[in-house]
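Content type compact mmCIF, C-alpha atoms and all ligand atoms, from the file structure22.txt:
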# COMPACT_ATOMS: atom_id res chain seq x y z
CA MET D 28 0.00 0.00 0.00
CA VAL D 29 1.28 3.47 -0.88
CA SER D 30 0.58 5.92 1.96
CA ILE D 31 -0.96 9.31 1.20
CA PRO D 32 2.11 11.46 2.15
CA ARG D 33 4.29 9.26 -0.03
CA LYS D 34 1.89 9.78 -2.92
CA ILE D 35 1.97 13.52 -2.43
CA ALA D 36 5.77 13.54 -2.24
CA ARG D 37 5.85 11.63 -5.52
CA LEU D 38 3.51 14.05 -7.21
CA VAL D 39 5.64 16.98 -6.06
CA ALA D 40 8.82 15.31 -7.28
CA PHE D 41 7.23 14.52 -10.63
CA ALA D 42 6.04 18.11 -10.99
CA LEU D 43 9.56 19.32 -10.18
CA VAL D 44 11.17 17.16 -12.82
CA VAL D 45 8.66 18.35 -15.38
CA SER D 46 9.13 22.02 -14.41
CA THR D 47 12.91 21.59 -14.54
CA ILE D 48 12.59 20.20 -18.03
CA ILE D 49 10.72 23.27 -19.12
CA LEU D 50 13.04 25.71 -17.33
CA VAL D 51 16.28 24.08 -18.35
CA GLY D 52 15.01 23.65 -21.87
CA VAL D 53 14.36 27.38 -22.04
CA ASN D 54 17.25 28.75 -20.06
CA PHE D 55 20.19 26.46 -20.42
CA GLY D 56 19.95 25.17 -23.94
CA ASP D 57 23.37 26.35 -25.14
CA TRP D 58 25.70 25.50 -22.30
CA ASP D 59 29.34 25.35 -23.08
CA LEU D 60 30.24 21.98 -21.58
CA ARG D 61 33.31 23.21 -19.81
CA ALA D 62 31.64 26.33 -18.52
CA GLY D 63 28.84 24.36 -16.87
CA SER D 64 30.08 24.68 -13.35
CA LYS D 65 30.67 28.41 -13.58
CA LEU D 66 27.08 29.22 -14.34
CA PRO D 67 25.41 31.03 -11.47
CA LEU D 68 22.28 29.38 -10.26
CA SER D 69 19.21 31.23 -11.32
CA ALA D 70 16.31 31.68 -8.96
CA ASP D 71 14.32 29.32 -11.13
CA LYS D 72 16.93 26.61 -10.86
CA LYS D 73 16.27 26.41 -7.12
CA LEU D 74 13.11 24.61 -7.98
CA VAL D 75 15.17 21.49 -8.60
CA PHE D 76 16.33 21.43 -5.03
CA SER D 77 13.11 20.24 -3.61
CA HIS D 78 14.06 18.44 -0.45
CA LYS D 79 14.05 20.46 2.74
CA SER D 80 15.45 19.70 6.15
CA SER D 81 16.43 21.66 9.24
CA LYS D 82 19.31 19.25 9.83
CA SER D 83 22.83 19.85 8.62
CA PRO D 84 24.25 17.66 5.84
CA GLN D 85 26.62 16.14 8.39
CA GLN D 86 23.71 15.12 10.62
CA ILE D 87 21.97 13.67 7.62
CA VAL D 88 25.06 11.67 6.62
CA GLU D 89 25.21 10.12 10.08
CA GLU D 90 21.50 9.42 10.29
CA ASN D 91 21.46 7.87 6.84
CA TYR D 92 24.45 5.71 7.61
CA LYS D 93 22.81 4.54 10.81
CA THR D 94 19.61 3.76 8.92
CA LEU D 95 21.64 1.72 6.43
CA GLN D 96 23.27 -0.23 9.22
CA ASP D 97 19.91 -0.87 10.87
CA ILE D 98 18.58 -2.25 7.60
CA LEU D 99 21.61 -4.47 7.07
CA ARG D 100 21.48 -5.83 10.62
CA ARG D 101 17.95 -7.17 10.19
CA PRO D 102 18.12 -10.91 9.68
CA ILE D 103 17.19 -11.79 6.10
CA HIS D 104 17.33 -14.86 3.94
CA GLU D 105 15.89 -14.76 0.40
CA PRO D 106 13.21 -12.78 -1.44
CA LYS D 107 9.83 -13.98 -0.16
CA THR D 108 8.15 -14.05 -3.54
CA GLY D 109 7.05 -17.64 -3.28
CA ASN D 110 8.26 -18.38 -6.78
CA LEU D 111 12.03 -18.90 -6.40
CA VAL D 112 13.45 -21.46 -8.79
CA ARG D 113 15.71 -23.90 -6.97
CA PRO D 114 18.88 -25.45 -8.40
CA PRO D 115 18.05 -28.29 -10.78
CA SER D 116 19.35 -31.78 -10.11
CA ASN D 117 21.08 -31.73 -13.49
CA PRO D 118 22.21 -28.21 -14.44
CA ASP D 119 23.22 -29.33 -17.92
CA GLU D 120 19.63 -30.22 -18.77
CA TYR D 121 18.18 -27.21 -17.04
CA ASP D 122 15.90 -24.84 -18.94
CA ARG D 123 17.80 -21.64 -18.14
CA ALA D 124 16.58 -18.08 -18.49
CA ASN D 125 17.86 -16.21 -21.53
CA ALA D 126 20.80 -14.83 -19.60
CA THR D 127 24.56 -14.62 -19.35
CA MET D 128 27.33 -13.66 -17.00
CA LEU D 129 29.16 -10.68 -18.49
CA VAL D 130 32.56 -9.13 -17.97
CA LEU D 131 34.63 -6.58 -19.83
CA VAL D 132 38.20 -7.43 -19.02
CA ARG D 133 41.81 -7.10 -20.13
CA ASN D 134 44.22 -10.00 -20.57
CA ARG D 135 46.34 -8.69 -17.73
CA GLU D 136 43.38 -9.05 -15.34
CA LEU D 137 43.35 -12.83 -15.63
CA GLY D 138 44.29 -13.45 -11.99
CA PRO D 139 41.64 -11.15 -10.47
CA VAL D 140 38.95 -12.30 -12.90
CA VAL D 141 39.57 -15.95 -12.03
CA ARG D 142 39.41 -15.11 -8.34
CA THR D 143 35.98 -13.56 -8.80
CA ILE D 144 34.70 -16.30 -11.10
CA LYS D 145 35.61 -18.94 -8.53
CA GLN D 146 33.38 -17.18 -6.03
CA ILE D 147 30.50 -16.72 -8.47
CA GLU D 148 30.73 -20.38 -9.40
CA GLU D 149 30.84 -21.55 -5.81
CA LYS D 150 27.98 -19.37 -4.60
CA PHE D 151 25.74 -19.51 -7.65
CA ASN D 152 26.68 -20.75 -11.05
CA ARG D 153 27.87 -24.30 -10.39
CA LYS D 154 24.18 -24.89 -9.57
CA PHE D 155 22.83 -23.42 -12.84
CA HIS D 156 25.63 -23.36 -15.45
CA TYR D 157 24.85 -20.02 -17.06
CA PRO D 158 27.19 -19.06 -19.91
CA TYR D 159 29.81 -16.31 -19.73
CA VAL D 160 30.51 -13.57 -22.23
CA PHE D 161 34.00 -12.03 -22.03
CA LEU D 162 34.41 -8.74 -23.86
CA ASN D 163 37.63 -7.01 -24.81
CA GLU D 164 38.71 -4.49 -27.42
CA GLN D 165 41.95 -6.53 -27.74
CA PRO D 166 42.03 -10.21 -28.70
CA PHE D 167 42.07 -12.54 -25.72
CA THR D 168 45.24 -14.60 -25.43
CA GLU D 169 45.14 -18.41 -25.58
CA ARG D 170 46.40 -18.47 -22.02
CA PHE D 171 43.51 -16.27 -20.90
CA LYS D 172 40.91 -18.44 -22.61
CA GLU D 173 42.35 -21.75 -21.52
CA THR D 174 42.67 -20.65 -17.90
CA ILE D 175 39.12 -19.30 -17.78
CA LYS D 176 37.67 -22.51 -19.18
CA LYS D 177 39.13 -24.47 -16.29
CA HIS D 178 37.09 -22.45 -13.82
CA VAL D 179 33.63 -22.08 -15.30
CA SER D 180 30.73 -24.50 -15.45
CA GLY D 181 28.86 -22.80 -18.30
CA ALA D 182 29.65 -22.12 -21.96
CA THR D 183 32.24 -19.43 -22.70
CA TYR D 184 32.15 -16.77 -25.42
CA PHE D 185 35.34 -14.74 -25.88
CA GLU D 186 34.35 -11.72 -27.91
CA SER D 187 36.16 -8.75 -29.29
CA ILE D 188 34.71 -5.30 -29.53
CA ASP D 189 34.78 -3.55 -32.87
CA LYS D 190 37.41 -0.78 -32.69
CA ALA D 191 35.10 1.64 -34.47
CA ILE D 192 32.58 1.18 -31.69
CA TRP D 193 35.05 1.16 -28.80
CA GLU D 194 37.16 4.17 -29.72
CA GLN D 195 36.08 7.75 -29.39
CA PRO D 196 34.15 9.11 -32.38
CA LYS D 197 35.91 11.38 -34.87
CA SER D 198 33.39 14.07 -33.98
CA ILE D 199 35.12 14.62 -30.63
CA SER D 200 37.26 17.75 -30.76
CA VAL D 201 40.65 16.63 -29.53
CA LYS D 202 41.57 20.13 -28.44
CA LYS D 203 38.36 20.70 -26.49
CA GLN D 204 38.77 17.27 -24.95
CA ALA D 205 42.36 17.97 -23.87
CA ASN D 206 41.36 21.22 -22.18
CA ALA D 207 38.36 19.65 -20.50
CA MET D 208 40.40 16.69 -19.25
CA GLN D 209 43.08 19.00 -17.87
CA GLN D 210 40.37 20.82 -15.94
CA LEU D 211 39.04 17.54 -14.51
CA GLU D 212 42.56 16.38 -13.71
CA ASP D 213 43.18 19.67 -11.86
CA GLU D 214 40.04 18.93 -9.86
CA ASN D 215 41.42 15.48 -8.98
CA VAL D 216 38.76 13.56 -10.89
CA GLY D 217 39.99 9.97 -11.19
CA TYR D 218 40.79 8.61 -14.68
CA ALA D 219 40.26 12.12 -16.16
CA LYS D 220 42.99 11.71 -18.75
CA LEU D 221 42.65 7.96 -19.30
CA VAL D 222 40.88 7.76 -22.65
CA SER D 223 40.38 4.00 -22.31
CA TYR D 224 38.35 4.64 -19.16
CA HIS D 225 36.13 7.09 -21.04
CA ASN D 226 35.75 4.49 -23.81
CA MET D 227 34.78 1.87 -21.22
CA CYS D 228 32.15 4.13 -19.62
CA ARG D 229 30.71 5.02 -22.99
CA TYR D 230 30.70 1.41 -24.14
CA TYR D 231 28.82 0.22 -21.06
CA SER D 232 26.36 3.12 -21.39
CA VAL D 233 25.60 3.10 -25.08
CA ASN D 234 26.87 0.03 -26.86
CA PHE D 235 27.40 -3.23 -25.01
CA TYR D 236 23.81 -4.47 -25.27
CA ASN D 237 24.05 -4.31 -29.06
CA HIS D 238 27.18 -6.43 -29.28
CA PRO D 239 26.45 -9.22 -31.78
CA ARG D 240 26.97 -11.88 -29.10
CA LEU D 241 24.81 -10.11 -26.53
CA GLN D 242 21.96 -9.71 -28.96
CA GLN D 243 21.06 -13.33 -28.31
CA PHE D 244 20.56 -12.65 -24.60
CA ARG D 245 18.05 -10.70 -22.59
CA TYR D 246 19.44 -10.67 -19.03
CA TYR D 247 23.04 -10.26 -17.89
CA TRP D 248 24.88 -10.30 -14.61
CA ARG D 249 27.79 -7.93 -14.90
CA PHE D 250 30.80 -8.57 -12.75
CA GLU D 251 34.29 -7.19 -12.48
CA PRO D 252 37.68 -8.72 -11.90
CA GLY D 253 38.74 -8.51 -8.29
CA THR D 254 35.28 -8.20 -6.75
CA ASP D 255 34.10 -10.53 -4.00
CA TYR D 256 30.82 -12.44 -3.50
CA TYR D 257 30.10 -13.67 0.01
CA CYS D 258 26.70 -15.34 0.13
CA ASP D 259 25.22 -18.57 -1.17
CA LEU D 260 22.49 -18.05 -3.74
CA ASP D 261 20.22 -21.07 -3.84
CA TYR D 262 17.74 -19.74 -6.37
CA ASP D 263 18.02 -18.70 -9.99
CA VAL D 264 18.47 -14.92 -9.86
CA PHE D 265 17.73 -14.52 -13.58
CA LYS D 266 14.42 -16.35 -13.26
CA PHE D 267 13.75 -14.21 -10.20
CA MET D 268 14.10 -11.15 -12.46
CA GLU D 269 11.96 -12.65 -15.18
CA MET D 270 9.17 -14.09 -13.04
CA ASN D 271 8.87 -11.01 -10.87
CA LYS D 272 9.06 -8.59 -13.81
CA LYS D 273 12.24 -6.86 -12.65
CA THR D 274 14.28 -4.77 -15.03
CA TYR D 275 17.28 -4.01 -12.90
CA GLY D 276 18.95 -5.41 -9.80
CA PHE D 277 21.70 -3.72 -7.80
CA VAL D 278 23.50 -4.14 -4.48
CA ILE D 279 25.15 -0.79 -3.74
CA ALA D 280 24.12 2.79 -4.47
CA LEU D 281 26.51 5.71 -4.11
CA TYR D 282 27.00 9.37 -4.92
CA ASP D 283 29.28 10.14 -7.84
CA VAL D 284 32.15 12.55 -8.38
CA GLU D 285 30.07 15.61 -9.17
CA GLN D 286 32.57 17.18 -11.57
CA SER D 287 32.35 14.10 -13.78
CA VAL D 288 28.65 14.66 -14.57
CA ARG D 289 28.25 18.43 -14.62
CA THR D 290 26.00 18.53 -17.66
CA LEU D 291 24.50 15.04 -17.65
CA TRP D 292 21.31 16.32 -15.99
CA PRO D 293 20.89 19.56 -17.96
CA ARG D 294 21.50 17.68 -21.20
CA THR D 295 18.96 15.10 -20.14
CA MET D 296 16.46 17.86 -19.41
CA GLU D 297 17.02 19.23 -22.92
CA PHE D 298 16.28 15.79 -24.29
CA LEU D 299 13.19 15.39 -22.16
CA ALA D 300 11.87 18.75 -23.27
CA GLU D 301 11.62 17.11 -26.71
CA HIS D 302 10.35 13.76 -25.37
CA PRO D 303 8.27 14.40 -22.25
CA ASP D 304 6.22 11.31 -23.06
CA TYR D 305 9.25 9.10 -22.35
CA LEU D 306 9.09 9.87 -18.61
CA HIS D 307 7.70 7.03 -16.55
CA PRO D 308 4.96 8.19 -14.18
CA ASN D 309 6.41 5.96 -11.46
CA GLY D 310 10.03 7.01 -11.94
CA ALA D 311 12.59 7.36 -9.14
CA TYR D 312 12.74 11.15 -9.27
CA ASP D 313 13.51 11.80 -5.62
CA PHE D 314 16.55 9.57 -5.77
CA LEU D 315 17.77 11.59 -8.74
CA VAL D 316 17.19 15.10 -7.40
CA GLU D 317 17.80 14.71 -3.65
CA ASN D 318 20.02 17.48 -2.26
CA LEU D 319 20.19 17.04 1.50
CA GLN D 320 23.11 14.75 2.17
CA ASN D 321 25.57 16.25 -0.33
CA PRO D 322 24.04 19.55 -1.44
CA HIS D 323 27.30 20.63 -3.11
CA LYS D 324 27.09 17.61 -5.40
CA THR D 325 23.55 18.36 -6.51
CA LEU D 326 24.63 21.96 -7.09
CA ILE D 327 27.71 21.18 -9.17
CA ALA D 328 25.88 18.43 -11.08
CA ASN D 329 23.24 21.08 -11.88
CA GLY D 330 20.27 19.37 -10.31
CA TYR D 331 21.31 15.71 -10.29
CA SER D 332 21.98 14.23 -6.86
CA THR D 333 24.68 12.06 -8.51
CA CYS D 334 23.11 9.03 -6.78
CA HIS D 335 23.51 5.91 -8.85
CA PHE D 336 23.39 2.14 -8.69
CA TRP D 337 26.98 0.97 -8.64
CA SER D 338 27.20 -0.78 -11.97
CA ASN D 339 30.24 -2.97 -11.37
CA PHE D 340 27.60 -5.44 -10.18
CA GLU D 341 24.27 -5.38 -11.93
CA ILE D 342 21.71 -7.89 -13.09
CA ALA D 343 19.52 -6.35 -15.74
CA ASP D 344 17.21 -6.79 -18.66
CA MET D 345 18.88 -5.49 -21.82
CA ASP D 346 15.51 -4.99 -23.45
CA PHE D 347 15.27 -1.88 -21.29
CA TYR D 348 18.42 -0.42 -22.88
CA ARG D 349 17.15 -1.49 -26.28
CA SER D 350 13.85 0.29 -25.76
CA LYS D 351 13.20 3.58 -27.52
CA PRO D 352 13.38 5.96 -24.55
CA TYR D 353 16.75 4.68 -23.29
CA SER D 354 18.35 4.19 -26.68
CA ASP D 355 17.18 7.54 -28.08
CA TRP D 356 18.36 9.26 -24.94
CA VAL D 357 21.86 7.74 -24.89
CA LYS D 358 22.24 8.44 -28.60
CA PHE D 359 21.52 12.05 -27.79
CA LEU D 360 23.91 11.98 -24.82
CA ASP D 361 26.62 10.52 -27.01
CA SER D 362 26.11 13.26 -29.59
CA THR D 363 26.90 15.90 -26.95
CA GLY D 364 30.38 14.48 -26.40
CA GLY D 365 29.92 14.30 -22.61
CA PHE D 366 31.63 10.92 -22.36
CA TYR D 367 34.85 12.69 -23.46
CA TYR D 368 34.42 16.36 -22.52
CA GLU D 369 33.37 15.21 -19.07
CA ARG D 370 33.71 11.76 -17.62
CA TRP D 371 30.17 10.47 -17.52
CA GLY D 372 30.14 7.03 -15.98
CA ASP D 373 27.96 4.16 -17.12
CA ALA D 374 26.58 3.91 -13.59
CA PRO D 375 24.98 7.37 -13.54
CA VAL D 376 23.81 6.88 -17.13
CA HIS D 377 22.11 3.56 -16.34
CA SER D 378 20.65 5.02 -13.15
CA VAL D 379 19.31 8.25 -14.61
CA GLY D 380 17.84 6.24 -17.48
CA LEU D 381 16.16 3.82 -15.11
CA GLY D 382 15.02 6.54 -12.73
CA LEU D 383 13.34 8.50 -15.52
CA PHE D 384 12.11 5.86 -17.96
CA GLU D 385 11.35 2.80 -15.85
CA ASP D 386 8.86 1.92 -13.14
CA ARG D 387 10.86 2.09 -9.92
CA ASP D 388 9.02 -0.96 -8.61
CA LYS D 389 10.89 -2.93 -11.27
CA ILE D 390 14.22 -2.07 -9.69
CA HIS D 391 15.34 -4.57 -7.09
CA TRP D 392 17.83 -4.15 -4.26
CA PHE D 393 19.55 -7.53 -3.92
CA ARG D 394 20.23 -7.30 -0.20
CA ASP D 395 20.91 -11.02 -0.09
CA ILE D 396 23.94 -10.77 -2.40
CA GLY D 397 26.95 -9.98 -0.21
CA TYR D 398 29.38 -8.09 -2.38
CA LYS D 399 32.57 -6.10 -2.29
CA HIS D 400 34.27 -3.80 -4.72
CA GLN D 401 36.82 -1.68 -2.95
CA PRO D 402 36.13 0.39 -0.90
CA TYR D 403 32.48 -0.61 -0.35
CA THR D 404 30.93 -3.82 0.95
CA LEU D 405 27.31 -4.82 1.12
CA CYS D 406 26.91 -7.40 3.84
CA SER D 407 23.48 -8.23 5.23
CA ASN D 408 22.72 -10.28 8.28
CA ARG D 409 22.32 -13.62 6.49
CA PRO D 410 23.55 -16.92 7.86
CA SER D 411 24.91 -17.98 4.47
CA CYS D 412 27.16 -14.94 4.04
CA LYS D 413 30.72 -15.88 4.90
CA GLY D 414 33.75 -13.63 5.05
CA CYS D 415 32.11 -10.25 5.43
CA GLU D 416 31.17 -8.28 8.53
CA THR D 417 27.44 -7.47 8.77
CA ALA D 418 26.70 -3.80 8.04
CA ASP D 419 30.37 -2.95 7.60
CA PHE D 420 29.69 -0.78 4.55
CA THR D 421 32.79 1.40 4.31
CA TYR D 422 35.36 3.58 6.06
CA LYS D 423 34.06 6.45 8.15
CA HIS D 424 35.43 9.12 5.82
CA LEU D 425 33.26 7.63 3.04
CA TRP D 426 29.99 7.46 4.98
CA ASP D 427 28.73 10.47 3.07
CA GLN D 428 28.87 8.43 -0.16
CA ASN D 429 26.03 6.13 0.93
CA CYS D 430 22.99 6.58 -1.26
CA LEU D 431 21.22 3.35 -0.36
CA THR D 432 19.23 5.08 2.33
CA ASN D 433 17.78 7.46 -0.25
CA TRP D 434 16.63 4.50 -2.29
CA TRP D 435 15.07 2.98 0.79
CA ASP D 436 13.45 6.17 2.06
CA TYR D 437 12.22 7.68 -1.18
CA GLU D 438 11.69 4.91 -3.66
CA MET D 439 10.87 1.59 -2.02
CA SER D 440 7.27 0.65 -1.39
CA GLU D 441 6.36 -1.24 1.79
CA ASP D 442 6.11 -4.38 -0.31
CA GLN D 443 9.65 -3.90 -1.58
CA LYS D 444 10.95 -3.21 1.91
CA ASN D 445 9.35 -6.39 3.17
CA ILE D 446 10.44 -8.59 0.31
CA TYR D 447 13.20 -10.14 2.46
P1 LIG D 501 36.57 1.38 -11.65
O1 LIG D 501 35.87 0.25 -10.94
O2 LIG D 501 35.63 2.50 -11.97
O3 LIG D 501 37.80 1.83 -10.94
O4 LIG D 501 37.02 0.86 -13.10
P2 LIG D 501 37.79 -0.47 -13.50
O5 LIG D 501 39.22 -0.15 -13.77
O6 LIG D 501 37.50 -1.55 -12.51
O7 LIG D 501 37.09 -0.81 -14.89
C1 LIG D 501 35.75 -1.22 -14.98
C2 LIG D 501 35.63 -2.50 -15.79
O8 LIG D 501 36.02 -2.28 -17.13
C3 LIG D 501 36.51 -3.64 -15.31
O9 LIG D 501 35.82 -4.83 -15.58
C4 LIG D 501 37.75 -3.54 -16.17
O10 LIG D 501 38.35 -4.78 -16.31
C5 LIG D 501 37.16 -3.05 -17.47
N1 LIG D 501 38.02 -2.15 -18.23
C6 LIG D 501 38.40 -0.88 -17.92
N2 LIG D 501 39.15 -0.35 -18.89
C7 LIG D 501 39.26 -1.29 -19.86
C8 LIG D 501 39.91 -1.34 -21.14
O11 LIG D 501 40.55 -0.41 -21.59
N3 LIG D 501 39.78 -2.52 -21.85
C9 LIG D 501 39.06 -3.58 -21.38
N4 LIG D 501 39.00 -4.67 -22.12
N5 LIG D 501 38.46 -3.56 -20.20
C10 LIG D 501 38.54 -2.44 -19.43
MN MN D 502 36.32 -1.70 -10.76

Would you mind giving the structure from this file in structure tokens?
Ligand code: GDP
Ligand code: MN
Amino acid sequence: MVSIPRKIARLVAFALVVSTIILVGVNFGDWDLRAGSKLPLSADKKLVFSHKSSKSPQQIVEENYKTLQDILRRPIHEPKTGNLVRPPSNPDEYDRANATMLVLVRNRELGPVVRTIKQIEEKFNRKFHYPYVFLNEQPFTERFKETIKKHVSGATYFESIDKAIWEQPKSISVKKQANAMQQLEDENVGYAKLVSYHNMCRYYSVNFYNHPRLQQFRYYWRFEPGTDYYCDLDYDVFKFMEMNKKTYGFVIALYDVEQSVRTLWPRTMEFLAEHPDYLHPNGAYDFLVENLQNPHKTLIANGYSTCHFWSNFEIADMDFYRSKPYSDWVKFLDSTGGFYYERWGDAPVHSVGLGLFEDRDKIHWFRDIGYKHQPYTLCSNRPSCKGCETADFTYKHLWDQNCLTNWWDYEMSEDQKNIY
């Protein structure tokens, strides 16, 4: 049941997004990408900053972190949907979902990728034998392929990425890019000058789901070399997604480096001014425009909270990315050059896309998947999670990066909160 105040809050948030679209579309149509941060905030722009609190951001950080820990300390087991699909007695004859494990990886990351695969196999895939797709813009070495095959239970596809798709488009002005990257470097934005990192973020935002090999699949579980998985999964997570009509599953949500996405939101508002019908009426707007915990981030990102699902783990339905709203939008984003003149990450792109174009009830927080990618760990109070400390999310100096509480407070229905 949705309570009345929650409904009203949603209506207000929706109205704010719509009014921002109109205002930004009118006022900020011709932003110079690099000048974005220097623009003074107009009185109108304040409309974006909808959330009000008498508490200081520091108080909010601590309260939100405590809320997160309280949530993680509650004993949980599995989603109580009543339709979990258990491991088959013979995984080789199992009628799997149309899904694959997915990793973009370099040959030199063989050691870390094997370490992670061993954990995924032990906790999940030895029971279901889903295939793996390995992507790389370089050819995989024989050693890489042979070693991987020794550690996986499912089929393996070693795929290269077309250089023309991976590399930055010719339309990018090299001079403008160099200046912009120097500015980001001066602001200590990680990977600012690493073009391959920009290529990676763009690829995961705009292209991967159209890779010829991935076209045969609907769902993927993205993982990264060097990440850790702590908990046994005794149900088919892909069938969970399918049977419960979920589009996207995540474990961790964080704020982003605000300088890396200065114009992502204003550009998106320009796009939406042309396509207001793409907005989903049950979008996750509050998550996207919150400005209480890190108001400076929302300010520098020109209206976007920078909150995002951390995409180094994600289980998702690629048909969402292939749908018209998402694919038209990222095509537009790509045409603005923001993947190179700024350092837009695939995580904020996926998250803004989902928050605007998808029903938030189709986004699932996998609290039962214990996970670590330095320097954050998601560890619930679950008997089958081994090797992680319950609720030990991160170091104190990073507490302000927690955005999970916003997802919980603003976007989850009571049903979603009680799913575990
Ligand atoms: P971070 O988590 O944001 O620090 O980024 P990572 O360095 O972990 O990169 C994200 C993912 O993309 C990882 O799976 C990397 O292995 C992969 N990756 C990053 N850059 C490249 C690249 O240039 N080529 C390939 N093949 N993979 C890359
Ligand atoms: Mn990583």

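Distances here use only C-alpha atoms; by that measure, the residue among D:Asn321, D:Ser338, D:Gln86, D:Asn125 closest to Gln428 in chain D is D:Asn321.
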
Mind checking which residues fall within 9 Å of Tyr230 in chain D, counting all atoms listed in the file, ignoring those fewer than 4 positions away in the same chain, and posting them as a list in words?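 Non-adjacent residues within range: Ile192, Trp193, Glu194, His225, Asn226, Asn234, Phe235 and Asp373 of chain D.
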
Based on the selection just made, write C-alpha atoms of those residues as an mmCIF file, in the coordinates of the input.
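Output file out.cif follows:
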data_model
loop_
_atom_site.group_PDB
_atom_site.id
_atom_site.type_symbol
_atom_site.label_atom_id
_atom_site.label_comp_id
_atom_site.auth_asym_id
_atom_site.auth_seq_id
_atom_site.Cartn_x
_atom_site.Cartn_y
_atom_site.Cartn_z
ATOM 1 C CA ILE D 192 32.580 1.180 -31.690
ATOM 2 C CA TRP D 193 35.050 1.160 -28.800
ATOM 3 C CA GLU D 194 37.160 4.170 -29.720
ATOM 4 C CA HIS D 225 36.130 7.090 -21.040
ATOM 5 C CA ASN D 226 35.750 4.490 -23.810
ATOM 6 C CA ASN D 234 26.870 0.030 -26.860
ATOM 7 C CA PHE D 235 27.400 -3.230 -25.010
ATOM 8 C CA ASP D 373 27.960 4.160 -17.120
#

Point-to-point distance from CA of Arg245 in chain D to CA of Thr404 in chain D, Å rounded to tenths: 27.7 Å

Using all atoms listed in the file, which of D:Asp97, D:Asp261, D:Glu120, D:Asp189 sits nearest ligand LIG 501 (chain D)? D:Asp189

Distance filter 10 Å around ligand LIG 501 (chain D), atoms: only C-alpha atoms and all ligand atoms, out as a VMD selection string: chain D and resid 129 to 137 139 to 140 161 to 167 187 to 188 193 to 194 217 to 218 221 to 228 230 to 231 249 to 254 337 to 340 372 to 374 400 to 401

Between D:Ile199, D:Leu291, D:Leu315, D:Leu260, which one has atoms that come closest to Cys334 in chain D, using only C-alpha atoms?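 When distances to Cys334 in chain D are compared using only C-alpha atoms, the smallest one comes from D:Leu315.
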
In the coordinates of the file, take the point (23.7, -30.0, -12.6) and a cut-off of 10 Å; then, counting all atoms listed in the file, name each qualifying protein, DNA or RNA residue as a ChimeraX atom specification. /D:114-121,152-156,180

Name all residues at most 8 Å from range 386-394 of chain D (count only C-alpha atoms; drop same-chain ones fewer than 3 positions away) and give them as a ChimeraX atom specification. /D:99,272-278,307-311,381-382,397,405-407,438-440,443

Rank D:Asp361, D:Phe185, D:Leu111, D:His424 by their smallest atom-to-atom distance to Glu173 in chain D, using all atoms listed in the file, and report the top residue only.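 For Glu173 in chain D, the nearest of the given residues is D:Phe185.
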
Which neighbours of Phe314 in chain D fall inside 10 Å, counting only C-alpha atoms, when residues of the same chain fewer than 3 positions from it are skipped, and could you give them as number ranges by chain? D: 40, 310-311, 317-318, 331-335, 378-379, 382, 430-438

How many Å separate CA of Thr295 in chain D from CA of Asn215 in chain D?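 Going from CA of Thr295 in chain D over to CA of Asn215 in chain D covers 25.1 Å.
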
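Proximity ranking of D:Glu105, D:Glu441, D:Glu149, D:Asp255 relative to ligand MN 502 (chain D) places D:Asp255 first, based on only C-alpha atoms and all ligand atoms.
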
Set the distance at 7 Å and use only C-alpha atoms: which residues neighbour range 343-358 of chain D once local chain neighbours fewer than 4 positions away are removed? I'd like the list as a count of residues only. 14

Take CA of Phe366 in chain D and CA of Asn329 in chain D and report the distance between them in Å, one decimal. 16.8 Å
